[in-house]
>>> print(open('run.cif').read())   # mmCIF, C-alpha atoms
data_final
#
loop_
_atom_site.group_PDB
_atom_site.id
_atom_site.type_symbol
_atom_site.label_atom_id
_atom_site.label_comp_id
_atom_site.auth_asym_id
_atom_site.auth_seq_id
_atom_site.Cartn_x
_atom_site.Cartn_y
_atom_site.Cartn_z
ATOM 1 C CA MET D 18 -6.329 -8.378 9.810
ATOM 2 C CA PRO D 19 -5.481 -5.144 7.997
ATOM 3 C CA VAL D 20 -8.008 -2.455 7.132
ATOM 4 C CA PHE D 21 -6.991 -0.159 4.295
ATOM 5 C CA TYR D 22 -9.089 2.957 3.761
ATOM 6 C CA GLY D 23 -12.055 1.274 5.406
ATOM 7 C CA THR D 24 -11.755 -1.984 3.481
ATOM 8 C CA ASP D 25 -11.191 -5.171 5.483
ATOM 9 C CA ILE D 26 -8.645 -7.506 3.941
ATOM 10 C CA ALA D 27 -8.687 -11.169 4.953
ATOM 11 C CA SER D 28 -4.944 -11.730 4.569
ATOM 12 C CA ARG D 29 -1.731 -10.065 5.664
ATOM 13 C CA LEU D 30 -0.092 -11.004 2.368
ATOM 14 C CA MET D 31 -0.083 -8.584 -0.541
ATOM 15 C CA LEU D 32 1.398 -10.302 -3.542
ATOM 16 C CA GLY D 33 2.901 -9.008 -6.767
ATOM 17 C CA THR D 34 2.009 -10.512 -10.115
ATOM 18 C CA ALA D 35 5.305 -10.150 -12.024
ATOM 19 C CA GLN D 36 8.139 -12.562 -12.867
ATOM 20 C CA TYR D 37 6.256 -15.862 -12.422
ATOM 21 C CA PRO D 38 7.276 -18.796 -14.636
ATOM 22 C CA SER D 39 3.726 -19.003 -16.022
ATOM 23 C CA PRO D 40 0.240 -17.546 -15.515
ATOM 24 C CA ALA D 41 -0.880 -20.890 -14.057
ATOM 25 C CA ILE D 42 1.839 -20.757 -11.392
ATOM 26 C CA LEU D 43 0.886 -17.162 -10.586
ATOM 27 C CA ALA D 44 -2.726 -18.214 -10.044
ATOM 28 C CA ASP D 45 -1.623 -21.181 -7.935
ATOM 29 C CA ALA D 46 0.502 -18.930 -5.713
ATOM 30 C CA PHE D 47 -2.540 -16.771 -4.992
ATOM 31 C CA ARG D 48 -4.761 -19.775 -4.332
ATOM 32 C CA ARG D 49 -2.362 -21.496 -1.946
ATOM 33 C CA SER D 50 -1.426 -18.370 -0.023
ATOM 34 C CA GLY D 51 -4.854 -16.765 0.180
ATOM 35 C CA ALA D 52 -3.237 -13.393 -0.584
ATOM 36 C CA GLY D 53 -5.879 -10.707 -0.396
ATOM 37 C CA ILE D 54 -4.390 -8.044 -2.627
ATOM 38 C CA ALA D 55 -2.600 -8.293 -5.978
ATOM 39 C CA THR D 56 -0.333 -5.538 -7.209
ATOM 40 C CA VAL D 57 -0.493 -4.749 -10.913
ATOM 41 C CA SER D 58 0.901 -2.144 -13.281
ATOM 42 C CA VAL D 59 0.231 -0.385 -16.559
ATOM 43 C CA ARG D 60 2.495 -0.657 -19.575
ATOM 44 C CA ARG D 61 2.423 0.399 -23.193
ATOM 45 C CA GLU D 62 0.345 -1.682 -25.561
ATOM 46 C CA ALA D 63 -0.253 -0.839 -29.217
ATOM 47 C CA GLY D 64 -0.377 -2.684 -32.513
ATOM 48 C CA GLY D 65 -1.280 -6.349 -32.327
ATOM 49 C CA ASP D 66 0.032 -6.908 -28.813
ATOM 50 C CA GLN D 67 -2.707 -8.454 -26.657
ATOM 51 C CA ALA D 68 -0.633 -9.331 -23.576
ATOM 52 C CA GLY D 69 -2.452 -6.789 -21.455
ATOM 53 C CA GLN D 70 -5.847 -8.080 -22.424
ATOM 54 C CA ASP D 71 -4.838 -11.641 -21.564
ATOM 55 C CA PHE D 72 -3.416 -10.513 -18.227
ATOM 56 C CA TRP D 73 -6.617 -8.648 -17.430
ATOM 57 C CA ALA D 74 -8.619 -11.843 -17.925
ATOM 58 C CA LEU D 75 -6.226 -13.752 -15.647
ATOM 59 C CA ILE D 76 -6.233 -11.195 -12.857
ATOM 60 C CA ARG D 77 -10.018 -10.857 -12.772
ATOM 61 C CA ASP D 78 -10.312 -14.587 -12.128
ATOM 62 C CA LEU D 79 -8.124 -14.328 -9.001
ATOM 63 C CA ASP D 80 -10.967 -12.575 -7.174
ATOM 64 C CA VAL D 81 -8.681 -10.389 -5.048
ATOM 65 C CA ALA D 82 -8.469 -6.639 -4.507
ATOM 66 C CA LEU D 83 -6.222 -4.913 -7.046
ATOM 67 C CA LEU D 84 -3.550 -2.398 -6.113
ATOM 68 C CA PRO D 85 -2.097 -0.785 -9.248
ATOM 69 C CA ASN D 86 1.351 0.761 -8.982
ATOM 70 C CA THR D 87 3.322 3.576 -10.555
ATOM 71 C CA ALA D 88 6.474 1.459 -10.777
ATOM 72 C CA GLY D 89 9.319 2.975 -12.719
ATOM 73 C CA CYS D 90 8.094 6.564 -12.460
ATOM 74 C CA HIS D 91 10.846 9.052 -11.650
ATOM 75 C CA SER D 92 8.865 12.297 -11.674
ATOM 76 C CA VAL D 93 5.701 13.607 -10.062
ATOM 77 C CA ARG D 94 4.112 14.186 -13.472
ATOM 78 C CA GLU D 95 4.816 10.624 -14.638
ATOM 79 C CA ALA D 96 3.484 9.166 -11.403
ATOM 80 C CA VAL D 97 0.304 11.258 -11.399
ATOM 81 C CA THR D 98 -0.535 10.516 -15.038
ATOM 82 C CA THR D 99 0.251 6.827 -14.576
ATOM 83 C CA ALA D 100 -1.998 6.719 -11.500
ATOM 84 C CA GLN D 101 -4.832 8.359 -13.416
ATOM 85 C CA MET D 102 -4.506 5.822 -16.238
ATOM 86 C CA ALA D 103 -4.364 2.972 -13.712
ATOM 87 C CA ARG D 104 -7.517 4.189 -11.962
ATOM 88 C CA GLU D 105 -9.450 3.953 -15.203
ATOM 89 C CA LEU D 106 -7.926 0.626 -16.257
ATOM 90 C CA PHE D 107 -8.434 -1.171 -12.959
ATOM 91 C CA ASP D 108 -11.490 0.704 -11.745
ATOM 92 C CA THR D 109 -10.068 1.480 -8.300
ATOM 93 C CA ASN D 110 -9.032 4.579 -6.352
ATOM 94 C CA TRP D 111 -6.222 2.635 -4.725
ATOM 95 C CA ILE D 112 -2.723 3.389 -5.952
ATOM 96 C CA LYS D 113 0.643 2.100 -4.816
ATOM 97 C CA LEU D 114 2.592 5.276 -5.318
ATOM 98 C CA GLU D 115 6.203 4.875 -6.390
ATOM 99 C CA VAL D 116 8.344 7.874 -7.255
ATOM 100 C CA ILE D 117 11.828 6.492 -7.690
ATOM 101 C CA GLY D 118 14.740 8.719 -6.729
ATOM 102 C CA HIS D 119 17.794 6.552 -7.339
ATOM 103 C CA ALA D 120 18.378 4.134 -10.189
ATOM 104 C CA ASP D 121 20.662 1.694 -8.340
ATOM 105 C CA THR D 122 18.765 1.334 -5.074
ATOM 106 C CA LEU D 123 15.272 2.155 -6.395
ATOM 107 C CA GLN D 124 15.021 4.305 -3.282
ATOM 108 C CA PRO D 125 11.906 6.485 -3.182
ATOM 109 C CA ASP D 126 12.317 10.195 -3.945
ATOM 110 C CA PRO D 127 10.842 11.584 -0.705
ATOM 111 C CA PHE D 128 10.225 15.067 -2.090
ATOM 112 C CA GLY D 129 8.464 13.890 -5.232
ATOM 113 C CA LEU D 130 6.578 11.258 -3.259
ATOM 114 C CA VAL D 131 4.973 13.771 -0.900
ATOM 115 C CA GLU D 132 4.042 16.087 -3.755
ATOM 116 C CA ALA D 133 2.535 13.282 -5.842
ATOM 117 C CA ALA D 134 0.675 11.921 -2.801
ATOM 118 C CA ARG D 135 -0.810 15.371 -2.162
ATOM 119 C CA ILE D 136 -1.966 15.782 -5.767
ATOM 120 C CA LEU D 137 -3.439 12.299 -5.975
ATOM 121 C CA THR D 138 -5.211 12.510 -2.608
ATOM 122 C CA GLU D 139 -6.808 15.798 -3.660
ATOM 123 C CA ASP D 140 -7.892 14.020 -6.868
ATOM 124 C CA GLY D 141 -9.745 11.356 -4.867
ATOM 125 C CA PHE D 142 -7.109 8.624 -4.796
ATOM 126 C CA GLN D 143 -6.407 6.451 -1.768
ATOM 127 C CA VAL D 144 -2.646 6.420 -1.745
ATOM 128 C CA PHE D 145 -0.405 3.560 -0.585
ATOM 129 C CA PRO D 146 3.014 5.234 -0.657
ATOM 130 C CA TYR D 147 6.137 3.135 -1.201
ATOM 131 C CA CYS D 148 8.431 5.020 1.163
ATOM 132 C CA THR D 149 11.414 4.647 3.425
ATOM 133 C CA GLU D 150 11.168 4.325 7.209
ATOM 134 C CA ASP D 151 12.148 7.991 7.630
ATOM 135 C CA LEU D 152 9.883 9.415 10.344
ATOM 136 C CA VAL D 153 9.765 12.934 8.953
ATOM 137 C CA LEU D 154 8.897 11.723 5.463
ATOM 138 C CA CYS D 155 6.192 9.472 6.867
ATOM 139 C CA ALA D 156 4.717 12.310 8.913
ATOM 140 C CA ARG D 157 4.553 14.453 5.765
ATOM 141 C CA LEU D 158 2.820 11.658 3.880
ATOM 142 C CA VAL D 159 0.211 11.382 6.624
ATOM 143 C CA GLU D 160 -0.232 15.167 6.587
ATOM 144 C CA VAL D 161 -1.111 15.149 2.885
ATOM 145 C CA GLY D 162 -3.699 12.417 3.412
ATOM 146 C CA CYS D 163 -2.063 8.984 3.305
ATOM 147 C CA GLN D 164 -3.868 6.583 5.654
ATOM 148 C CA VAL D 165 -1.389 3.754 5.165
ATOM 149 C CA LEU D 166 2.404 3.731 4.928
ATOM 150 C CA MET D 167 4.524 1.193 3.094
ATOM 151 C CA PRO D 168 8.172 1.494 4.115
ATOM 152 C CA TRP D 169 10.731 -0.702 2.421
ATOM 153 C CA GLY D 170 12.431 -3.481 4.347
ATOM 154 C CA ALA D 171 15.330 -3.356 1.907
ATOM 155 C CA PRO D 172 15.726 -2.285 -1.739
ATOM 156 C CA ILE D 173 13.290 -3.890 -4.198
ATOM 157 C CA GLY D 174 14.271 -7.360 -5.326
ATOM 158 C CA THR D 175 17.208 -7.795 -2.937
ATOM 159 C CA GLY D 176 15.755 -10.246 -0.421
ATOM 160 C CA LEU D 177 17.847 -8.643 2.321
ATOM 161 C CA GLY D 178 14.975 -8.457 4.792
ATOM 162 C CA LEU D 179 14.488 -5.780 7.435
ATOM 163 C CA ASN D 180 17.572 -3.585 7.119
ATOM 164 C CA ASN D 181 16.742 -0.948 9.712
ATOM 165 C CA LEU D 182 15.025 -2.518 12.695
ATOM 166 C CA TYR D 183 15.404 0.610 14.797
ATOM 167 C CA GLY D 184 13.745 2.743 12.139
ATOM 168 C CA LEU D 185 10.911 0.287 11.575
ATOM 169 C CA ARG D 186 10.280 -0.060 15.319
ATOM 170 C CA SER D 187 10.275 3.729 15.694
ATOM 171 C CA LEU D 188 7.792 4.100 12.869
ATOM 172 C CA ARG D 189 5.454 1.588 14.491
ATOM 173 C CA ALA D 190 5.748 3.393 17.820
ATOM 174 C CA HIS D 191 5.069 6.834 16.309
ATOM 175 C CA PHE D 192 2.062 5.716 14.282
ATOM 176 C CA PRO D 193 0.416 3.139 16.548
ATOM 177 C CA ASP D 194 -2.965 3.246 14.799
ATOM 178 C CA LEU D 195 -1.931 3.598 11.164
ATOM 179 C CA PRO D 196 -1.792 0.501 8.923
ATOM 180 C CA LEU D 197 1.888 -0.177 8.181
ATOM 181 C CA VAL D 198 3.061 -2.502 5.423
ATOM 182 C CA ILE D 199 6.593 -3.681 4.739
ATOM 183 C CA ASP D 200 6.900 -3.206 0.995
ATOM 184 C CA ALA D 201 9.932 -4.617 -0.779
ATOM 185 C CA GLY D 202 13.168 -6.299 0.154
ATOM 186 C CA LEU D 203 11.855 -9.466 1.793
ATOM 187 C CA GLY D 204 13.373 -12.780 0.760
ATOM 188 C CA LEU D 205 12.217 -15.306 3.344
ATOM 189 C CA PRO D 206 9.090 -16.044 5.380
ATOM 190 C CA SER D 207 11.076 -15.626 8.603
ATOM 191 C CA GLN D 208 11.620 -11.965 7.680
ATOM 192 C CA ALA D 209 7.891 -11.534 7.158
ATOM 193 C CA ALA D 210 7.212 -13.124 10.531
ATOM 194 C CA HIS D 211 9.667 -10.679 12.084
ATOM 195 C CA ALA D 212 7.778 -7.770 10.535
ATOM 196 C CA MET D 213 4.572 -9.041 12.149
ATOM 197 C CA GLU D 214 6.350 -9.473 15.493
ATOM 198 C CA LEU D 215 7.236 -5.766 15.252
ATOM 199 C CA GLY D 216 3.530 -5.033 15.001
ATOM 200 C CA TYR D 217 3.292 -4.376 11.290
ATOM 201 C CA ASP D 218 -0.013 -5.119 9.612
ATOM 202 C CA ALA D 219 0.971 -6.733 6.325
ATOM 203 C CA VAL D 220 3.784 -7.274 3.847
ATOM 204 C CA LEU D 221 3.909 -6.702 0.124
ATOM 205 C CA LEU D 222 6.292 -8.870 -1.852
ATOM 206 C CA ASN D 223 6.821 -10.279 -5.302
ATOM 207 C CA THR D 224 10.315 -11.479 -6.179
ATOM 208 C CA ALA D 225 10.726 -13.741 -3.131
ATOM 209 C CA VAL D 226 7.729 -15.755 -4.282
ATOM 210 C CA ALA D 227 7.934 -15.468 -8.051
ATOM 211 C CA ARG D 228 11.657 -16.350 -8.192
ATOM 212 C CA ALA D 229 11.462 -19.260 -5.761
ATOM 213 C CA GLY D 230 11.884 -22.734 -7.180
ATOM 214 C CA ASP D 231 8.290 -23.483 -6.190
ATOM 215 C CA PRO D 232 6.476 -20.126 -6.084
ATOM 216 C CA ALA D 233 3.159 -21.513 -4.833
ATOM 217 C CA ALA D 234 4.828 -23.303 -1.911
ATOM 218 C CA MET D 235 6.803 -20.179 -1.032
ATOM 219 C CA ALA D 236 3.652 -18.062 -1.146
ATOM 220 C CA GLU D 237 1.985 -20.433 1.295
ATOM 221 C CA GLY D 238 5.100 -20.352 3.459
ATOM 222 C CA PHE D 239 4.894 -16.554 3.639
ATOM 223 C CA ALA D 240 1.184 -16.688 4.497
ATOM 224 C CA ARG D 241 1.814 -19.102 7.378
ATOM 225 C CA ALA D 242 4.779 -17.088 8.643
ATOM 226 C CA LEU D 243 2.674 -13.933 8.665
ATOM 227 C CA GLU D 244 0.048 -15.589 10.824
ATOM 228 C CA ALA D 245 2.708 -16.961 13.169
ATOM 229 C CA GLY D 246 4.315 -13.551 13.556
ATOM 230 C CA ALA D 247 0.991 -11.792 14.069
ATOM 231 C CA LEU D 248 -0.022 -14.296 16.751
ATOM 232 C CA ALA D 249 3.293 -13.779 18.489
ATOM 233 C CA HIS D 250 2.800 -10.021 18.503
ATOM 234 C CA GLN D 251 -0.716 -10.369 19.950
ATOM 235 C CA ALA D 252 0.614 -12.791 22.577
ATOM 236 C CA ASP D 253 2.921 -10.152 24.135
ATOM 237 C CA PRO D 254 6.370 -11.769 23.832
ATOM 238 C CA MET D 255 8.740 -12.122 26.778
ATOM 239 C CA GLU D 256 11.479 -9.580 27.277
ATOM 240 C CA PRO D 257 14.947 -10.804 26.253
ATOM 241 C CA ARG D 258 17.575 -10.884 29.013
ATOM 242 C CA ASP D 259 21.332 -11.284 29.012
ATOM 243 C CA MET D 260 21.750 -13.833 31.817
ATOM 244 C CA ALA D 261 20.475 -17.403 31.813
ATOM 245 C CA ALA D 262 17.465 -18.248 33.974
ATOM 246 C CA PRO D 263 16.570 -21.904 34.537
ATOM 247 C CA SER D 264 13.135 -22.911 33.349
ATOM 248 C CA THR D 265 13.084 -26.134 35.405
ATOM 249 C CA PRO D 266 12.304 -25.460 39.122
ATOM 250 C CA VAL D 267 15.371 -25.277 41.335
ATOM 251 C CA LEU D 268 13.375 -26.185 44.451
ATOM 252 C CA GLY D 269 13.613 -29.873 45.213
ATOM 253 C CA MET D 270 16.773 -30.395 43.212
ATOM 254 C CA PRO D 271 18.420 -33.669 44.452
ATOM 255 C CA PHE D 272 21.942 -33.618 45.837
ATOM 256 C CA SER D 273 21.556 -29.962 46.809
ATOM 257 C CA MET N 15 0.031 13.767 -39.779
ATOM 258 C CA LYS N 16 3.076 12.560 -37.863
ATOM 259 C CA ILE N 17 2.606 11.704 -34.207
ATOM 260 C CA ILE N 18 4.436 9.640 -31.604
ATOM 261 C CA VAL N 19 2.563 6.583 -30.326
ATOM 262 C CA ASN N 20 4.123 4.807 -27.364
ATOM 263 C CA GLY N 21 7.471 6.300 -28.286
ATOM 264 C CA ASP N 22 7.336 5.278 -31.945
ATOM 265 C CA PRO N 23 7.010 7.808 -34.817
ATOM 266 C CA THR N 24 3.689 7.049 -36.516
ATOM 267 C CA VAL N 25 1.862 8.420 -39.568
ATOM 268 C CA SER N 26 -1.867 8.598 -38.877
ATOM 269 C CA ALA N 27 -5.021 9.931 -40.526
ATOM 270 C CA ALA N 28 -6.882 9.971 -37.203
ATOM 271 C CA SER N 29 -8.424 13.308 -36.269
ATOM 272 C CA THR N 30 -9.251 12.306 -32.684
ATOM 273 C CA LEU N 31 -7.798 10.036 -30.041
ATOM 274 C CA ALA N 32 -10.771 7.688 -30.473
ATOM 275 C CA ASP N 33 -10.061 7.526 -34.213
ATOM 276 C CA LEU N 34 -6.442 6.621 -33.489
ATOM 277 C CA LEU N 35 -7.449 3.753 -31.219
ATOM 278 C CA ALA N 36 -9.783 2.451 -33.934
ATOM 279 C CA GLU N 37 -6.996 2.796 -36.489
ATOM 280 C CA LEU N 38 -4.740 0.697 -34.250
ATOM 281 C CA GLY N 39 -7.402 -1.966 -33.596
ATOM 282 C CA LYS N 40 -7.641 -0.937 -29.943
ATOM 283 C CA ALA N 41 -11.127 0.569 -29.897
ATOM 284 C CA ASN N 42 -12.621 -2.257 -27.854
ATOM 285 C CA ASP N 43 -9.604 -3.174 -25.739
ATOM 286 C CA ARG N 44 -9.067 -2.369 -22.084
ATOM 287 C CA VAL N 45 -6.601 0.493 -22.488
ATOM 288 C CA ALA N 46 -6.005 3.921 -20.981
ATOM 289 C CA THR N 47 -4.569 6.929 -22.771
ATOM 290 C CA ALA N 48 -2.491 10.029 -22.248
ATOM 291 C CA LEU N 49 -1.767 12.886 -24.632
ATOM 292 C CA ASN N 50 1.395 14.935 -24.219
ATOM 293 C CA ASP N 51 1.874 13.558 -20.679
ATOM 294 C CA ARG N 52 -1.692 14.309 -19.574
ATOM 295 C CA PHE N 53 -4.317 11.653 -18.895
ATOM 296 C CA VAL N 54 -7.263 11.596 -21.293
ATOM 297 C CA PRO N 55 -10.285 9.725 -19.867
ATOM 298 C CA ALA N 56 -12.051 7.259 -22.134
ATOM 299 C CA THR N 57 -15.133 9.474 -22.120
ATOM 300 C CA LEU N 58 -13.184 12.339 -23.736
ATOM 301 C CA ARG N 59 -11.324 10.420 -26.446
ATOM 302 C CA ALA N 60 -13.918 11.074 -29.143
ATOM 303 C CA THR N 61 -13.653 14.829 -28.653
ATOM 304 C CA GLN N 62 -9.891 14.954 -28.127
ATOM 305 C CA PRO N 63 -8.325 16.238 -31.378
ATOM 306 C CA LEU N 64 -4.850 15.169 -32.466
ATOM 307 C CA THR N 65 -2.346 17.498 -34.056
ATOM 308 C CA ASP N 66 1.014 17.065 -35.725
ATOM 309 C CA GLY N 67 3.750 16.182 -33.250
ATOM 310 C CA ASP N 68 1.443 14.952 -30.487
ATOM 311 C CA ARG N 69 2.769 12.286 -28.144
ATOM 312 C CA VAL N 70 0.215 9.591 -27.346
ATOM 313 C CA GLU N 71 0.534 6.913 -24.711
ATOM 314 C CA ILE N 72 -1.687 3.821 -24.858
ATOM 315 C CA VAL N 73 -1.362 1.477 -21.889
ATOM 316 C CA ALA N 74 -2.962 -1.778 -20.785
ATOM 317 C CA PRO N 75 -3.019 -3.855 -17.587
ATOM 318 C CA ARG N 76 0.269 -5.604 -16.916
ATOM 319 C CA GLN N 77 2.029 -7.637 -14.251
ATOM 320 C CA GLY N 78 3.501 -5.583 -11.409
ATOM 321 C CA GLY N 79 5.089 -5.757 -7.995
#
>>> encode(input="run.cif", output="structure tokens")
Amino acid sequence: MPVFYGTDIASRLMLGTAQYPSPAILADAFRRSGAGIATVSVRREAGGDQAGQDFWALIRDLDVALLPNTAGCHSVREAVTTAQMARELFDTNWIKLEVIGHADTLQPDPFGLVEAARILTEDGFQVFPYCTEDLVLCARLVEVGCQVLMPWGAPIGTGLGLNNLYGLRSLRAHFPDLPLVIDAGLGLPSQAAHAMELGYDAVLLNTAVARAGDPAAMAEGFARALEAGALAHQADPMEPRDMAAPSTPVLGMPFS
Amino acid sequence: MKIIVNGDPTVSAASTLADLLAELGKANDRVATALNDRFVPATLRATQPLTDGDRVEIVAPRQGG
């Protein structure tokens, strides 16, 4: 099971809290899947709006670790200030750091990401960077203090799965001891299982569960797929080969 | 005094950030604040003065991915 900044987590599923049909369905998805970490955000609240206060009550009852994000931030300053506000609101040094560089793909801005990660690490944060699978970027993130990397599988909300298998395999090979999380782009449990088969430690997803017809069932499906994939990785899979090889013994074949 | 609260032009008599939160009925809520793009910890709100044209952000926990 994954260990993030010295904290053992009892599940390979990190689950977002947005877009569910109702708070009750959100809570059910967490219960059925056993997800160990919930991602959350901070948003404006003034006047008579109490939505944030209600959400806080809901999320406390889930009894899971909280990972606040800096979703929607496009600059280092925005991301750093948002992280500082999130730390106070959620009482955690963990931050899922997003510095978005492109509006259509929601691709991380690698330059801003490294700078924000450096500032936040020096300020005592434990940074979970939402990044791409770019090896050089990931090395820079590790250099500035990140002890976990969260490359995208595909752009946020697309459900396209693992778009760059070569890149993800390379990342795993270059950082054999670092916790690696596929963050974003997954649509199906089979894709999550594949990530585990590659040796990844966990996945973080939201839309694939929240937008399913039955979110709680899909969350459980992801949890089971993650365990299946992780077992397969531990079991040392066979090497694929191009030519057929009979599994039934040839020796003793009648009529031969 | 005219300030900007969460992007909206607002007329306020508050002299500090803590006063503003009380004015808005947010004194006891779980919120975090920033002033002119810089985080202001809860412990410093009572001594953080506000001046004309300040931009205040007040945020609360919310769903996220």
>>> interface_residues(input="run.cif", of="chain N", to="chain D", cutoff="6 Å", atoms="all atoms listed in the file", output="PyMOL selection string")
chain N and resi 38+46+53+72-79
>>> write_last_selection(input="run.cif", atoms="C-alpha atoms", output="compact mmCIF listing (two decimals), keeping the file's coordinate frame")
# COMPACT_ATOMS: atom_id res chain seq x y z
CA LEU N 38 -4.74 0.70 -34.25
CA ALA N 46 -6.00 3.92 -20.98
CA PHE N 53 -4.32 11.65 -18.90
CA ILE N 72 -1.69 3.82 -24.86
CA VAL N 73 -1.36 1.48 -21.89
CA ALA N 74 -2.96 -1.78 -20.78
CA PRO N 75 -3.02 -3.86 -17.59
CA ARG N 76 0.27 -5.60 -16.92
CA GLN N 77 2.03 -7.64 -14.25
CA GLY N 78 3.50 -5.58 -11.41
CA GLY N 79 5.09 -5.76 -8.00
>>> atom_distance(input="run.cif", atom1="CA of Val161 (chain D)", atom2="CA of Val220 (chain D)")
23.0 Å
>>> closest_residue(input="run.cif", among="N:Leu34, N:Glu71, N:Ser29, N:Thr65", to="Ala48 (chain N)", atoms="all atoms listed in the file")
N:Glu71
>>> closest_residue(input="run.cif", among="D:Pro127, D:Pro196, D:Gly176, D:Gly141", to="Leu158 (chain D)", atoms="only C-alpha atoms")
D:Pro127
>>> resolve_selection(input="run.cif", expression="the PyMOL selection byres ((chain D and resi 204-217) around 6)", output="list in words")
Gly176, Gly178, Leu197, Leu203, Asp218, Ala219, Ala225, Phe239, Ala242, Leu243, Gly246, Ala247 and His250 of chain D
>>> atom_distance(input="run.cif", atom1="CA of Tyr147 (chain D)", atom2="CA of Met18 (chain D)")
20.2 Å
>>> closest_residue(input="run.cif", among="D:Trp111, D:Phe128, D:Trp169, D:Tyr22", to="Arg157 (chain D)", atoms="all atoms listed in the file")
D:Phe128
>>> atom_distance(input="run.cif", atom1="CA of Ala227 (chain D)", atom2="CA of Thr122 (chain D)")
20.2 Å
>>> residues_around(input="run.cif", residues="Ala56 (chain N)", least_positions_apart="3", cutoff="9 Å", atoms="only C-alpha atoms", output="JSON, numbers by chain")
{"D": [105], "N": [32, 45, 46, 47, 59, 60]}
>>> write_last_selection(input="run.cif", atoms="C-alpha atoms", output="mmCIF file, in the coordinates of the input")
data_model
loop_
_atom_site.group_PDB
_atom_site.id
_atom_site.type_symbol
_atom_site.label_atom_id
_atom_site.label_comp_id
_atom_site.auth_asym_id
_atom_site.auth_seq_id
_atom_site.Cartn_x
_atom_site.Cartn_y
_atom_site.Cartn_z
ATOM 1 C CA GLU D 105 -9.450 3.953 -15.203
ATOM 2 C CA ALA N 32 -10.771 7.688 -30.473
ATOM 3 C CA VAL N 45 -6.601 0.493 -22.488
ATOM 4 C CA ALA N 46 -6.005 3.921 -20.981
ATOM 5 C CA THR N 47 -4.569 6.929 -22.771
ATOM 6 C CA ARG N 59 -11.324 10.420 -26.446
ATOM 7 C CA ALA N 60 -13.918 11.074 -29.143
#
>>> closest_residue(input="run.cif", among="N:Thr57, N:Arg69, N:Leu49, N:Ala41", to="Val19 (chain N)", atoms="all atoms listed in the file")
N:Arg69
>>> closest_residue(input="run.cif", among="N:Asp51, N:Asn20, N:Ser26, N:Arg44", to="Asp66 (chain N)", atoms="all atoms listed in the file")
N:Ser26
>>> resolve_selection(input="run.cif", expression="the PyMOL selection byres ((chain D and resi 38) around 12)", output="list in words")
Thr34, Ala35, Gln36, Tyr37, Ser39, Pro40, Ala41, Ile42, Leu43, Ala44, Asp45, Ala46, Thr224, Val226, Ala227, Arg228, Ala229, Gly230, Asp231, Pro232 and Ala233 of chain D
>>> closest_residue(input="run.cif", among="N:Val70, N:Pro23, N:Lys16, N:Ala36", to="Asn50 (chain N)", atoms="all atoms listed in the file")
N:Val70
>>> residues_around(input="run.cif", residues="His91 (chain D)", least_positions_apart="2", cutoff="9 Å", atoms="only C-alpha atoms", output="NGL selection string")
:D and (88-89 or 93-96 or 115-119 or 125-126 or 129)
>>> axis_aligned_box(input="run.cif", around="region 62-65 of chain N", padding_each_side="5 Å", output="AutoDock Vina command-line options")
--center_x -6.1 --center_y 16.2 --center_z -31.1 --size_x 17.5 --size_y 12.5 --size_z 15.9
>>> residues_around(input="run.cif", residues="Cys163 (chain D)", least_positions_apart="3", cutoff="7 Å", atoms="only C-alpha atoms", output="number ranges by chain")
D: 144-145, 158-159
>>> decode(input="run.cif", residues="region 62-71 of chain D", atoms="N, CA and C atoms", output="mmCIF file, in the first residue's frame")
data_model
loop_
_atom_site.group_PDB
_atom_site.id
_atom_site.type_symbol
_atom_site.label_atom_id
_atom_site.label_comp_id
_atom_site.auth_asym_id
_atom_site.auth_seq_id
_atom_site.Cartn_x
_atom_site.Cartn_y
_atom_site.Cartn_z
ATOM 1 N N GLU D 62 -16.429 32.144 -0.616
ATOM 2 C CA GLU D 62 -17.692 32.055 0.106
ATOM 3 C C GLU D 62 -17.871 33.330 0.932
ATOM 4 N N ALA D 63 -18.889 34.094 0.613
ATOM 5 C CA ALA D 63 -19.185 35.313 1.369
ATOM 6 C C ALA D 63 -20.700 35.432 1.463
ATOM 7 N N GLY D 64 -21.173 36.465 2.124
ATOM 8 C CA GLY D 64 -22.609 36.645 2.252
ATOM 9 C C GLY D 64 -23.241 35.496 3.003
ATOM 10 N N GLY D 65 -24.437 35.100 2.578
ATOM 11 C CA GLY D 65 -25.166 34.072 3.311
ATOM 12 C C GLY D 65 -24.875 32.659 2.853
ATOM 13 N N ASP D 66 -23.971 32.515 1.894
ATOM 14 C CA ASP D 66 -23.663 31.187 1.362
ATOM 15 C C ASP D 66 -23.013 30.318 2.440
ATOM 16 N N GLN D 67 -23.605 29.143 2.688
ATOM 17 C CA GLN D 67 -23.064 28.237 3.704
ATOM 18 C C GLN D 67 -22.630 26.897 3.102
ATOM 19 N N ALA D 68 -22.512 26.841 1.780
ATOM 20 C CA ALA D 68 -22.202 25.570 1.114
ATOM 21 C C ALA D 68 -20.895 24.979 1.631
ATOM 22 N N GLY D 69 -19.921 25.835 1.853
ATOM 23 C CA GLY D 69 -18.631 25.349 2.324
ATOM 24 C C GLY D 69 -18.696 24.754 3.715
ATOM 25 N N GLN D 70 -19.524 25.365 4.540
ATOM 26 C CA GLN D 70 -19.642 24.872 5.913
ATOM 27 C C GLN D 70 -20.325 23.499 5.914
ATOM 28 N N ASP D 71 -21.339 23.364 5.071
ATOM 29 C CA ASP D 71 -22.030 22.073 4.961
ATOM 30 C C ASP D 71 -21.086 20.998 4.422
#
